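Just start32.pdb here, PDB, C-alpha atoms and all ligand atoms:
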```pdb
ATOM      1  CA  PRO A  21     -17.713 -31.724  -1.895
ATOM      2  CA  GLY A  22     -18.286 -28.966   0.632
ATOM      3  CA  ILE A  23     -18.655 -25.241  -0.018
ATOM      4  CA  LEU A  24     -16.150 -22.503   0.740
ATOM      5  CA  HIS A  25     -18.179 -19.560   2.071
ATOM      6  CA  VAL A  26     -16.382 -16.214   1.859
ATOM      7  CA  VAL A  27     -17.965 -14.235   4.681
ATOM      8  CA  ALA A  28     -17.717 -10.477   5.265
ATOM      9  CA  THR A  29     -17.527  -9.357   8.896
ATOM     10  CA  PRO A  30     -18.059  -5.849  10.373
ATOM     11  CA  ILE A  31     -15.526  -3.012   9.890
ATOM     12  CA  GLY A  32     -16.240  -1.698  13.391
ATOM     13  CA  ASN A  33     -19.919  -1.877  14.207
ATOM     14  CA  LEU A  34     -20.865  -5.427  15.219
ATOM     15  CA  GLY A  35     -24.453  -4.735  14.165
ATOM     16  CA  ASP A  36     -23.218  -5.016  10.586
ATOM     17  CA  LEU A  37     -22.714  -8.783  10.742
ATOM     18  CA  SER A  38     -25.548 -10.064   8.557
ATOM     19  CA  ALA A  39     -28.086 -12.690   9.585
ATOM     20  CA  ARG A  40     -26.804 -14.922   6.805
ATOM     21  CA  ALA A  41     -23.193 -14.450   7.941
ATOM     22  CA  LEU A  42     -24.200 -15.577  11.447
ATOM     23  CA  GLU A  43     -26.067 -18.579  10.119
ATOM     24  CA  THR A  44     -23.134 -19.558   7.909
ATOM     25  CA  LEU A  45     -20.539 -19.177  10.671
ATOM     26  CA  LYS A  46     -22.740 -21.316  12.902
ATOM     27  CA  THR A  47     -22.974 -24.223  10.487
ATOM     28  CA  VAL A  48     -19.550 -24.621   8.842
ATOM     29  CA  SER A  49     -17.166 -27.233  10.199
ATOM     30  CA  ALA A  50     -14.331 -24.713  10.579
ATOM     31  CA  ILE A  51     -13.585 -21.033  10.008
ATOM     32  CA  CYS A  52     -10.368 -19.903   8.326
ATOM     33  CA  ALA A  53      -9.365 -16.616   9.909
ATOM     34  CA  GLU A  54      -6.574 -14.119   9.435
ATOM     35  CA  ASP A  55      -6.080 -13.693  13.176
ATOM     36  CA  THR A  56      -7.732 -16.440  15.201
ATOM     37  CA  ARG A  57      -7.716 -14.452  18.460
ATOM     38  CA  HIS A  58      -9.514 -11.557  16.795
ATOM     39  CA  THR A  59     -12.116 -13.837  15.195
ATOM     40  CA  ARG A  60     -12.527 -15.775  18.467
ATOM     41  CA  GLN A  61     -13.695 -12.513  20.080
ATOM     42  CA  LEU A  62     -16.166 -11.861  17.296
ATOM     43  CA  LEU A  63     -17.549 -15.397  17.554
ATOM     44  CA  SER A  64     -17.884 -15.298  21.323
ATOM     45  CA  HIS A  65     -19.739 -11.982  21.090
ATOM     46  CA  PHE A  66     -22.345 -13.852  19.052
ATOM     47  CA  GLY A  67     -22.206 -16.952  21.226
ATOM     48  CA  LEU A  68     -20.585 -19.045  18.509
ATOM     49  CA  ASP A  69     -17.898 -21.622  19.039
ATOM     50  CA  ARG A  70     -16.473 -23.126  15.868
ATOM     51  CA  PRO A  71     -12.950 -24.440  15.271
ATOM     52  CA  LEU A  72     -10.656 -21.755  13.888
ATOM     53  CA  LEU A  73      -7.771 -22.214  11.480
ATOM     54  CA  ALA A  74      -5.138 -19.536  10.901
ATOM     55  CA  LEU A  75      -4.840 -18.434   7.289
ATOM     56  CA  HIS A  76      -2.519 -15.522   6.677
ATOM     57  CA  GLN A  77       0.011 -14.167   4.215
ATOM     58  CA  HIS A  78       2.756 -16.469   5.467
ATOM     59  CA  ASN A  79       0.994 -19.827   5.433
ATOM     60  CA  GLU A  80      -1.728 -19.398   2.841
ATOM     61  CA  ASP A  81      -0.090 -21.403   0.057
ATOM     62  CA  ALA A  82       0.732 -24.286   2.368
ATOM     63  CA  GLN A  83      -2.695 -24.260   4.037
ATOM     64  CA  ALA A  84      -4.661 -23.976   0.803
ATOM     65  CA  ALA A  85      -3.850 -27.536  -0.293
ATOM     66  CA  GLN A  86      -4.979 -29.007   3.034
ATOM     67  CA  LEU A  87      -8.131 -26.904   3.112
ATOM     68  CA  VAL A  88      -9.026 -27.928  -0.427
ATOM     69  CA  ALA A  89      -8.588 -31.566   0.629
ATOM     70  CA  ARG A  90     -11.064 -31.025   3.476
ATOM     71  CA  LEU A  91     -13.533 -29.311   1.142
ATOM     72  CA  ARG A  92     -13.185 -32.191  -1.313
ATOM     73  CA  ALA A  93     -13.891 -34.629   1.483
ATOM     74  CA  GLY A  94     -17.224 -32.891   2.059
ATOM     75  CA  GLU A  95     -16.570 -30.382   4.822
ATOM     76  CA  SER A  96     -17.863 -26.840   4.371
ATOM     77  CA  LEU A  97     -15.596 -24.019   5.497
ATOM     78  CA  ALA A  98     -15.887 -20.271   5.974
ATOM     79  CA  LEU A  99     -13.212 -17.726   5.208
ATOM     80  CA  VAL A 100     -13.182 -14.462   7.168
ATOM     81  CA  SER A 101     -10.665 -11.672   7.705
ATOM     82  CA  ASP A 102     -10.206  -9.363  10.694
ATOM     83  CA  ALA A 103     -12.610  -6.814   9.279
ATOM     84  CA  GLY A 104     -14.753  -6.350   6.215
ATOM     85  CA  THR A 105     -14.587  -8.421   3.069
ATOM     86  CA  PRO A 106     -11.894 -11.104   2.738
ATOM     87  CA  LEU A 107      -9.470 -10.703  -0.198
ATOM     88  CA  VAL A 108      -9.924  -6.896  -0.221
ATOM     89  CA  SER A 109      -6.468  -5.837   1.021
ATOM     90  CA  ASP A 110      -6.640  -9.072   3.021
ATOM     91  CA  PRO A 111      -5.601 -12.721   2.592
ATOM     92  CA  GLY A 112      -7.677 -15.315   0.801
ATOM     93  CA  PHE A 113      -7.115 -15.053  -2.909
ATOM     94  CA  ARG A 114      -4.794 -18.057  -3.052
ATOM     95  CA  LEU A 115      -7.242 -20.237  -1.168
ATOM     96  CA  VAL A 116     -10.142 -19.103  -3.359
ATOM     97  CA  ARG A 117      -8.104 -19.728  -6.497
ATOM     98  CA  ALA A 118      -7.075 -23.193  -5.298
ATOM     99  CA  ALA A 119     -10.668 -24.070  -4.357
ATOM    100  CA  ARG A 120     -12.010 -22.910  -7.712
ATOM    101  CA  ALA A 121      -9.285 -24.800  -9.552
ATOM    102  CA  ALA A 122     -10.361 -27.931  -7.684
ATOM    103  CA  GLY A 123     -13.954 -27.428  -8.790
ATOM    104  CA  ILE A 124     -15.141 -26.503  -5.287
ATOM    105  CA  ARG A 125     -18.094 -24.134  -5.043
ATOM    106  CA  VAL A 126     -17.016 -20.784  -3.579
ATOM    107  CA  SER A 127     -19.970 -18.723  -2.396
ATOM    108  CA  PRO A 128     -19.997 -15.128  -1.083
ATOM    109  CA  VAL A 129     -21.779 -13.894   2.021
ATOM    110  CA  PRO A 130     -21.348 -10.181   1.283
ATOM    111  CA  GLY A 131     -21.278  -7.407   3.829
ATOM    112  CA  ALA A 132     -19.139  -4.530   5.028
ATOM    113  CA  CYS A 133     -16.214  -3.241   2.992
ATOM    114  CA  ALA A 134     -14.490  -0.010   4.049
ATOM    115  CA  ALA A 135     -13.834   1.125   0.455
ATOM    116  CA  ILE A 136     -17.467   0.782  -0.582
ATOM    117  CA  ALA A 137     -18.764   2.233   2.700
ATOM    118  CA  ALA A 138     -16.587   5.320   2.159
ATOM    119  CA  LEU A 139     -17.543   5.636  -1.497
ATOM    120  CA  SER A 140     -21.220   5.449  -0.582
ATOM    121  CA  VAL A 141     -20.987   8.618   1.534
ATOM    122  CA  ALA A 142     -18.246  10.531  -0.313
ATOM    123  CA  GLY A 143     -20.408  12.382  -2.802
ATOM    124  CA  VAL A 144     -17.874  12.075  -5.622
ATOM    125  CA  PRO A 145     -18.554  10.457  -9.007
ATOM    126  CA  SER A 146     -19.005   6.769  -8.247
ATOM    127  CA  ASP A 147     -20.050   5.154 -11.504
ATOM    128  CA  ARG A 148     -16.434   4.254 -12.280
ATOM    129  CA  PHE A 149     -13.723   3.937  -9.649
ATOM    130  CA  VAL A 150     -10.358   2.282  -9.033
ATOM    131  CA  PHE A 151      -9.415   0.616  -5.784
ATOM    132  CA  GLU A 152      -5.719   1.176  -5.105
ATOM    133  CA  GLY A 153      -5.560  -0.396  -1.628
ATOM    134  CA  PHE A 154      -2.578   0.669   0.468
ATOM    135  CA  LEU A 155       0.060   2.919  -1.045
ATOM    136  CA  PRO A 156       3.640   1.635  -0.727
ATOM    137  CA  ALA A 157       5.195   2.315   2.679
ATOM    138  CA  LYS A 158       8.434   3.684   1.265
ATOM    139  CA  ALA A 159       8.213   7.335   0.255
ATOM    140  CA  SER A 160       9.997   6.865  -3.068
ATOM    141  CA  ALA A 161       7.785   3.950  -4.119
ATOM    142  CA  ARG A 162       4.682   5.827  -2.948
ATOM    143  CA  ARG A 163       5.518   8.889  -5.034
ATOM    144  CA  GLU A 164       6.309   6.732  -8.030
ATOM    145  CA  ARG A 165       2.910   4.994  -7.691
ATOM    146  CA  LEU A 166       1.106   8.335  -7.388
ATOM    147  CA  SER A 167       2.886   9.817 -10.384
ATOM    148  CA  ARG A 168       1.366   7.030 -12.496
ATOM    149  CA  LEU A 169      -2.135   7.847 -11.238
ATOM    150  CA  VAL A 170      -2.189  11.587 -11.912
ATOM    151  CA  GLY A 171      -4.082  11.332 -15.207
ATOM    152  CA  GLU A 172      -6.498   8.624 -13.993
ATOM    153  CA  PRO A 173      -9.998   9.837 -14.910
ATOM    154  CA  ARG A 174     -11.831   7.480 -12.527
ATOM    155  CA  THR A 175     -12.372   8.113  -8.812
ATOM    156  CA  LEU A 176      -9.479   6.664  -6.779
ATOM    157  CA  ILE A 177      -9.865   4.810  -3.477
ATOM    158  CA  PHE A 178      -6.951   4.274  -1.057
ATOM    159  CA  TYR A 179      -6.633   2.583   2.321
ATOM    160  CA  GLU A 180      -4.446   4.203   4.952
ATOM    161  CA  SER A 181      -3.401   3.652   8.545
ATOM    162  CA  ALA A 182      -3.064   6.172  11.364
ATOM    163  CA  HIS A 183       0.704   6.338  11.250
ATOM    164  CA  ARG A 184       0.915   7.226   7.579
ATOM    165  CA  ILE A 185      -2.211   9.308   6.919
ATOM    166  CA  GLU A 186      -0.433  12.634   7.262
ATOM    167  CA  GLU A 187       2.442  11.675   4.959
ATOM    168  CA  SER A 188       0.094  10.167   2.404
ATOM    169  CA  LEU A 189      -2.155  13.230   2.239
ATOM    170  CA  GLU A 190       0.921  15.344   1.722
ATOM    171  CA  ASP A 191       2.142  13.144  -1.138
ATOM    172  CA  LEU A 192      -1.357  13.015  -2.646
ATOM    173  CA  ALA A 193      -1.547  16.822  -2.620
ATOM    174  CA  THR A 194       1.905  17.081  -4.194
ATOM    175  CA  ALA A 195       1.121  14.511  -6.881
ATOM    176  CA  PHE A 196      -2.442  15.549  -7.787
ATOM    177  CA  GLY A 197      -2.244  19.223  -6.831
ATOM    178  CA  ASN A 198      -3.716  21.037  -3.818
ATOM    179  CA  GLU A 199      -6.959  21.752  -5.684
ATOM    180  CA  ARG A 200      -8.021  18.168  -6.417
ATOM    181  CA  VAL A 201     -11.235  17.264  -4.539
ATOM    182  CA  ALA A 202     -10.973  14.432  -1.992
ATOM    183  CA  VAL A 203     -12.798  12.810   0.927
ATOM    184  CA  VAL A 204     -11.282  11.241   4.033
ATOM    185  CA  GLY A 205     -13.470   8.636   5.781
ATOM    186  CA  ARG A 206     -12.235   7.788   9.265
ATOM    187  CA  GLU A 207     -13.444   5.141  11.743
ATOM    188  CA  LEU A 208     -16.478   4.360   9.598
ATOM    189  CA  THR A 209     -19.381   2.740  11.486
ATOM    190  CA  LYS A 210     -17.547   3.376  14.788
ATOM    191  CA  LEU A 211     -18.005   5.880  17.614
ATOM    192  CA  PHE A 212     -15.660   8.497  16.160
ATOM    193  CA  GLU A 213     -16.750   8.204  12.542
ATOM    194  CA  THR A 214     -15.858  11.316  10.550
ATOM    195  CA  VAL A 215     -16.089  12.081   6.863
ATOM    196  CA  LEU A 216     -14.129  15.155   5.787
ATOM    197  CA  ASP A 217     -14.309  16.605   2.311
ATOM    198  CA  GLY A 218     -12.505  19.410   0.568
ATOM    199  CA  SER A 219      -9.488  20.007  -1.613
ATOM    200  CA  LEU A 220      -6.409  17.879  -0.951
ATOM    201  CA  GLY A 221      -4.676  21.063   0.257
ATOM    202  CA  GLU A 222      -7.443  21.728   2.816
ATOM    203  CA  LEU A 223      -7.649  18.127   3.973
ATOM    204  CA  LYS A 224      -3.885  17.916   4.419
ATOM    205  CA  ALA A 225      -3.973  21.041   6.599
ATOM    206  CA  ARG A 226      -6.967  19.863   8.680
ATOM    207  CA  VAL A 227      -5.464  16.489   9.424
ATOM    208  CA  ALA A 228      -2.078  18.048  10.222
ATOM    209  CA  ALA A 229      -3.701  20.557  12.612
ATOM    210  CA  ASP A 230      -5.826  18.084  14.595
ATOM    211  CA  PRO A 231      -4.219  15.009  16.219
ATOM    212  CA  ASN A 232      -7.697  13.471  16.674
ATOM    213  CA  GLN A 233      -8.079  13.385  12.900
ATOM    214  CA  ARG A 234      -4.991  11.182  12.677
ATOM    215  CA  LYS A 235      -6.374   8.422  14.917
ATOM    216  CA  GLY A 236      -7.999   5.243  13.675
ATOM    217  CA  GLU A 237      -8.472   3.749  10.234
ATOM    218  CA  PHE A 238      -8.856   5.682   7.007
ATOM    219  CA  VAL A 239     -10.196   5.493   3.498
ATOM    220  CA  VAL A 240      -9.028   8.300   1.215
ATOM    221  CA  ILE A 241     -11.062   8.962  -1.900
ATOM    222  CA  VAL A 242      -9.708  11.252  -4.603
ATOM    223  CA  GLU A 243     -11.755  12.490  -7.535
ATOM    224  CA  GLY A 244     -10.447  11.453 -10.924
ATOM    225  CA  ALA A 245      -8.597  13.816 -13.228
ATOM    226  CA  GLY A 246     -11.811  14.559 -15.097
ATOM    227  CA  ASP A 247     -12.739  14.321 -18.749
ATOM    228  CA  ASP A 248     -10.197  16.891 -19.899
ATOM    229  CA  ALA A 249      -7.358  14.688 -18.751
ATOM    230  CA  ASP A 250      -9.216  11.662 -20.086
ATOM    231  CA  ALA A 251      -9.534  13.332 -23.468
ATOM    232  CA  SER A 252      -5.950  14.526 -23.607
ATOM    233  CA  ILE A 253      -4.610  11.110 -22.623
ATOM    234  CA  ALA A 254      -6.819   9.482 -25.255
ATOM    235  CA  GLU A 255      -5.583  12.008 -27.809
ATOM    236  CA  GLY A 256      -1.994  11.234 -26.797
ATOM    237  CA  ARG A 257      -2.606   7.505 -27.223
ATOM    238  CA  ARG A 258      -4.239   8.049 -30.618
ATOM    239  CA  LEU A 259      -1.285  10.120 -31.852
ATOM    240  CA  TYR A 260       1.168   7.584 -30.460
ATOM    241  CA  ALA A 261      -0.628   4.727 -32.242
ATOM    242  CA  LYS A 262      -0.592   6.669 -35.513
ATOM    243  CA  LEU A 263       3.073   7.514 -35.112
ATOM    244  CA  SER A 264       4.091   3.946 -34.369
ATOM    245  CA  GLU A 265       2.324   2.814 -37.550
ATOM    246  CA  HIS A 266       4.538   5.176 -39.542
ATOM    247  CA  LEU A 267       7.642   4.009 -37.728
ATOM    248  CA  LYS A 268       7.089   0.321 -38.533
TER     249      LYS A 268
HETATM  250  N1  LIG A 301     -10.985  -6.256   4.100
HETATM  251  C1  LIG A 301     -11.207  -4.924   4.636
HETATM  252  C2  LIG A 301     -12.381  -4.281   3.900
HETATM  253  O1  LIG A 301     -13.211  -4.977   3.329
HETATM  254  O2  LIG A 301     -12.508  -3.057   3.927
HETATM  255  C3  LIG A 301      -9.949  -4.088   4.577
HETATM  256  C4  LIG A 301      -8.785  -4.654   5.341
HETATM  257  S1  LIG A 301      -7.343  -3.646   5.335
HETATM  258  C5  LIG A 301      -6.163  -4.717   6.047
HETATM  259  C6  LIG A 301      -7.612  -2.511   6.643
HETATM  260  C7  LIG A 301      -7.793  -1.084   6.126
HETATM  261  O3  LIG A 301      -9.153  -0.908   5.737
HETATM  262  C8  LIG A 301      -7.548   0.000   7.156
HETATM  263  O4  LIG A 301      -6.170   0.344   7.239
HETATM  264  C9  LIG A 301      -8.358   1.143   6.600
HETATM  265  O5  LIG A 301      -7.676   1.760   5.530
HETATM  266  C10 LIG A 301      -9.571   0.400   6.041
HETATM  267  N2  LIG A 301     -10.622   0.309   7.063
HETATM  268  C11 LIG A 301     -11.031  -0.788   7.719
HETATM  269  N3  LIG A 301     -12.024  -0.478   8.573
HETATM  270  C12 LIG A 301     -12.244   0.850   8.455
HETATM  271  C13 LIG A 301     -13.138   1.768   9.078
HETATM  272  N4  LIG A 301     -14.002   1.373  10.010
HETATM  273  N5  LIG A 301     -13.081   3.064   8.700
HETATM  274  C14 LIG A 301     -12.202   3.475   7.767
HETATM  275  N6  LIG A 301     -11.350   2.656   7.148
HETATM  276  C15 LIG A 301     -11.360   1.357   7.488
END
```
For the structure just supplied, provide its representation as structure tokens.
Amino acid sequence: PGILHVVATPIGNLGDLSARALETLKTVSAICAEDTRHTRQLLSHFGLDRPLLALHQHNEDAQAAQLVARLRAGESLALVSDAGTPLVSDPGFRLVRAARAAGIRVSPVPGACAAIAALSVAGVPSDRFVFEGFLPAKASARRERLSRLVGEPRTLIFYESAHRIEESLEDLATAFGNERVAVVGRELTKLFETVLDGSLGELKARVAADPNQRKGEFVVIVEGAGDDADASIAEGRRLYAKLSEHLK
């Protein structure tokens, strides 16, 4: 059988496409892409011309079976998304699961990932972190999600788009308090890259005051609740466990 190569592409700066990614994209028999027009541009920039297959949210289940059949028949394929690492807030997990279930080798060609790029320059504790991806679009669902994360002791990583960054920072400040330390990474690896740090209250105000700070793509990193919260949650759990024993 062939190999399914899961290939990371740049998150803005084309110089971040690795030599191995190039080599892989050159040699596979087809490339599964989230948006074929977008990937066509990337390929032509590097002088590559491989057949592209659309693989997105709406056709992934249906496509997976056919792609697995091609892999089984000996073709090697690459999976890419529009930017960064496939499967990270991007399609691909169903295909990867189907390929693995069929005994196909799935091999990573690692590279850019916005969450990790932001974490690497944030200067917040990074030994343990949780990736939360995009917050729900609806305000009520977003607040509900945040209310569950208030006591989280690990560093939190969120993705956000230009049209919701202001609202999200506001909800983050309300949920976690204005004093909680955070970092906003914007347009990483691109011309207008900025990394702002401060309290959530400060960041909310800076982004609200400057329309330029609301343009582009964002990663928001929020420090965890710290060991005090960790300890008090653990204490709560311990007491609850003890109590439920008595209530049996
Ligand atoms: N698979 C991608 C990855 O590995 O990072 C993420 C895809 S997700 C659909 C797109 C989101 O990633 C954006 O809305 C933004 O939150 C984040 N993102 C992507 N590129 C970025 C960049 N250059 N700077 C900051 N955030 C970025």
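Between atom C2 of ligand LIG 301 (chain A) and atom CA of A:Ala98 the separation is 16.5 Å.
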>> I want to know what sits within 7 Å of stretch 221-235 of chain A, based on only C-alpha atoms, with residues of the same chain fewer than 4 positions away left out; could you give that as an MDAnalysis selection string?
In response: chainID A and resid 182 185:186 189:190 193 198:199
For A:Arg206, please output as a compact mmCIF listing (two decimals) with C-alpha atoms, keeping the file's coordinate frame all residues within 10 Å (counting only C-alpha atoms; exclusion window: fewer than 2 positions along the same chain).
```txt
# COMPACT_ATOMS: atom_id res chain seq x y z
CA ALA A 134 -14.49 -0.01 4.05
CA ALA A 138 -16.59 5.32 2.16
CA GLU A 180 -4.45 4.20 4.95
CA SER A 181 -3.40 3.65 8.54
CA ALA A 182 -3.06 6.17 11.36
CA VAL A 203 -12.80 12.81 0.93
CA VAL A 204 -11.28 11.24 4.03
CA LEU A 208 -16.48 4.36 9.60
CA THR A 209 -19.38 2.74 11.49
CA LYS A 210 -17.55 3.38 14.79
CA PHE A 212 -15.66 8.50 16.16
CA GLU A 213 -16.75 8.20 12.54
CA THR A 214 -15.86 11.32 10.55
CA VAL A 215 -16.09 12.08 6.86
CA LEU A 216 -14.13 15.16 5.79
CA GLN A 233 -8.08 13.38 12.90
CA ARG A 234 -4.99 11.18 12.68
CA LYS A 235 -6.37 8.42 14.92
CA GLY A 236 -8.00 5.24 13.68
CA GLU A 237 -8.47 3.75 10.23
CA PHE A 238 -8.86 5.68 7.01
CA VAL A 239 -10.20 5.49 3.50
CA VAL A 240 -9.03 8.30 1.22
```
>> Which residues, named as in the file, does the PyMOL selection byres (((chain A and resi 46) around 10) and not hetatm) pick out? Answer as a PyMOL selection string.
In response: chain A and resi 40-45+47-51+63+66-70+98
File dump, residues just selected, C-alpha atoms, as a compact mmCIF listing (two decimals), keeping the file's coordinate frame:
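Produced file result-v5.txt, reproduced below:
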```txt
# COMPACT_ATOMS: atom_id res chain seq x y z
CA ARG A 40 -26.80 -14.92 6.80
CA ALA A 41 -23.19 -14.45 7.94
CA LEU A 42 -24.20 -15.58 11.45
CA GLU A 43 -26.07 -18.58 10.12
CA THR A 44 -23.13 -19.56 7.91
CA LEU A 45 -20.54 -19.18 10.67
CA THR A 47 -22.97 -24.22 10.49
CA VAL A 48 -19.55 -24.62 8.84
CA SER A 49 -17.17 -27.23 10.20
CA ALA A 50 -14.33 -24.71 10.58
CA ILE A 51 -13.58 -21.03 10.01
CA LEU A 63 -17.55 -15.40 17.55
CA PHE A 66 -22.34 -13.85 19.05
CA GLY A 67 -22.21 -16.95 21.23
CA LEU A 68 -20.58 -19.05 18.51
CA ASP A 69 -17.90 -21.62 19.04
CA ARG A 70 -16.47 -23.13 15.87
CA ALA A 98 -15.89 -20.27 5.97
```
Report as a short mmCIF file (atom, residue, chain, number, x, y, z; two decimals) with C-alpha atoms, keeping the file's coordinate frame the full result of the PyMOL selection byres (((chain A and resi 106) around 12) and not hetatm) when it is applied to this structure.
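What follows is the written file selection-v4.cif:
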```
data_model
loop_
_atom_site.label_atom_id
_atom_site.label_comp_id
_atom_site.auth_asym_id
_atom_site.auth_seq_id
_atom_site.Cartn_x
_atom_site.Cartn_y
_atom_site.Cartn_z
CA HIS A 25 -18.18 -19.56 2.07
CA VAL A 26 -16.38 -16.21 1.86
CA VAL A 27 -17.96 -14.24 4.68
CA ALA A 28 -17.72 -10.48 5.26
CA THR A 29 -17.53 -9.36 8.90
CA PRO A 30 -18.06 -5.85 10.37
CA ILE A 31 -15.53 -3.01 9.89
CA CYS A 52 -10.37 -19.90 8.33
CA ALA A 53 -9.36 -16.62 9.91
CA GLU A 54 -6.57 -14.12 9.44
CA LEU A 75 -4.84 -18.43 7.29
CA HIS A 76 -2.52 -15.52 6.68
CA ALA A 98 -15.89 -20.27 5.97
CA LEU A 99 -13.21 -17.73 5.21
CA VAL A 100 -13.18 -14.46 7.17
CA SER A 101 -10.66 -11.67 7.70
CA ASP A 102 -10.21 -9.36 10.69
CA ALA A 103 -12.61 -6.81 9.28
CA GLY A 104 -14.75 -6.35 6.22
CA THR A 105 -14.59 -8.42 3.07
CA LEU A 107 -9.47 -10.70 -0.20
CA VAL A 108 -9.92 -6.90 -0.22
CA SER A 109 -6.47 -5.84 1.02
CA ASP A 110 -6.64 -9.07 3.02
CA PRO A 111 -5.60 -12.72 2.59
CA GLY A 112 -7.68 -15.32 0.80
CA PHE A 113 -7.12 -15.05 -2.91
CA ARG A 114 -4.79 -18.06 -3.05
CA LEU A 115 -7.24 -20.24 -1.17
CA VAL A 116 -10.14 -19.10 -3.36
CA PRO A 128 -20.00 -15.13 -1.08
CA VAL A 129 -21.78 -13.89 2.02
CA PRO A 130 -21.35 -10.18 1.28
CA GLY A 131 -21.28 -7.41 3.83
CA ALA A 132 -19.14 -4.53 5.03
CA CYS A 133 -16.21 -3.24 2.99
CA ALA A 134 -14.49 -0.01 4.05
#
```
> Can you list, as number ranges by chain, the residues that the PyMOL selection byres (((chain A and resi 123) around 12) and not hetatm) selects here?
Replying inline: A: 21-24, 88-89, 91-92, 116-122, 124-126
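Nearest residue to ligand LIG 301 (chain A), choosing from A:Ala135, A:Ala93, A:Ser146, A:Ala159 and counting all atoms listed in the file: A:Ala135.
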With all atoms of ligand LIG 301 (chain A) from the file as input, state the centre and edge lengths in Å to one decimal of the axis-aligned box that has 8 Å extra on each side, as AutoDock Vina command-line options.
```
--center_x -10.1 --center_y -1.4 --center_z 6.7 --size_x 23.8 --size_y 25.7 --size_z 22.7
```
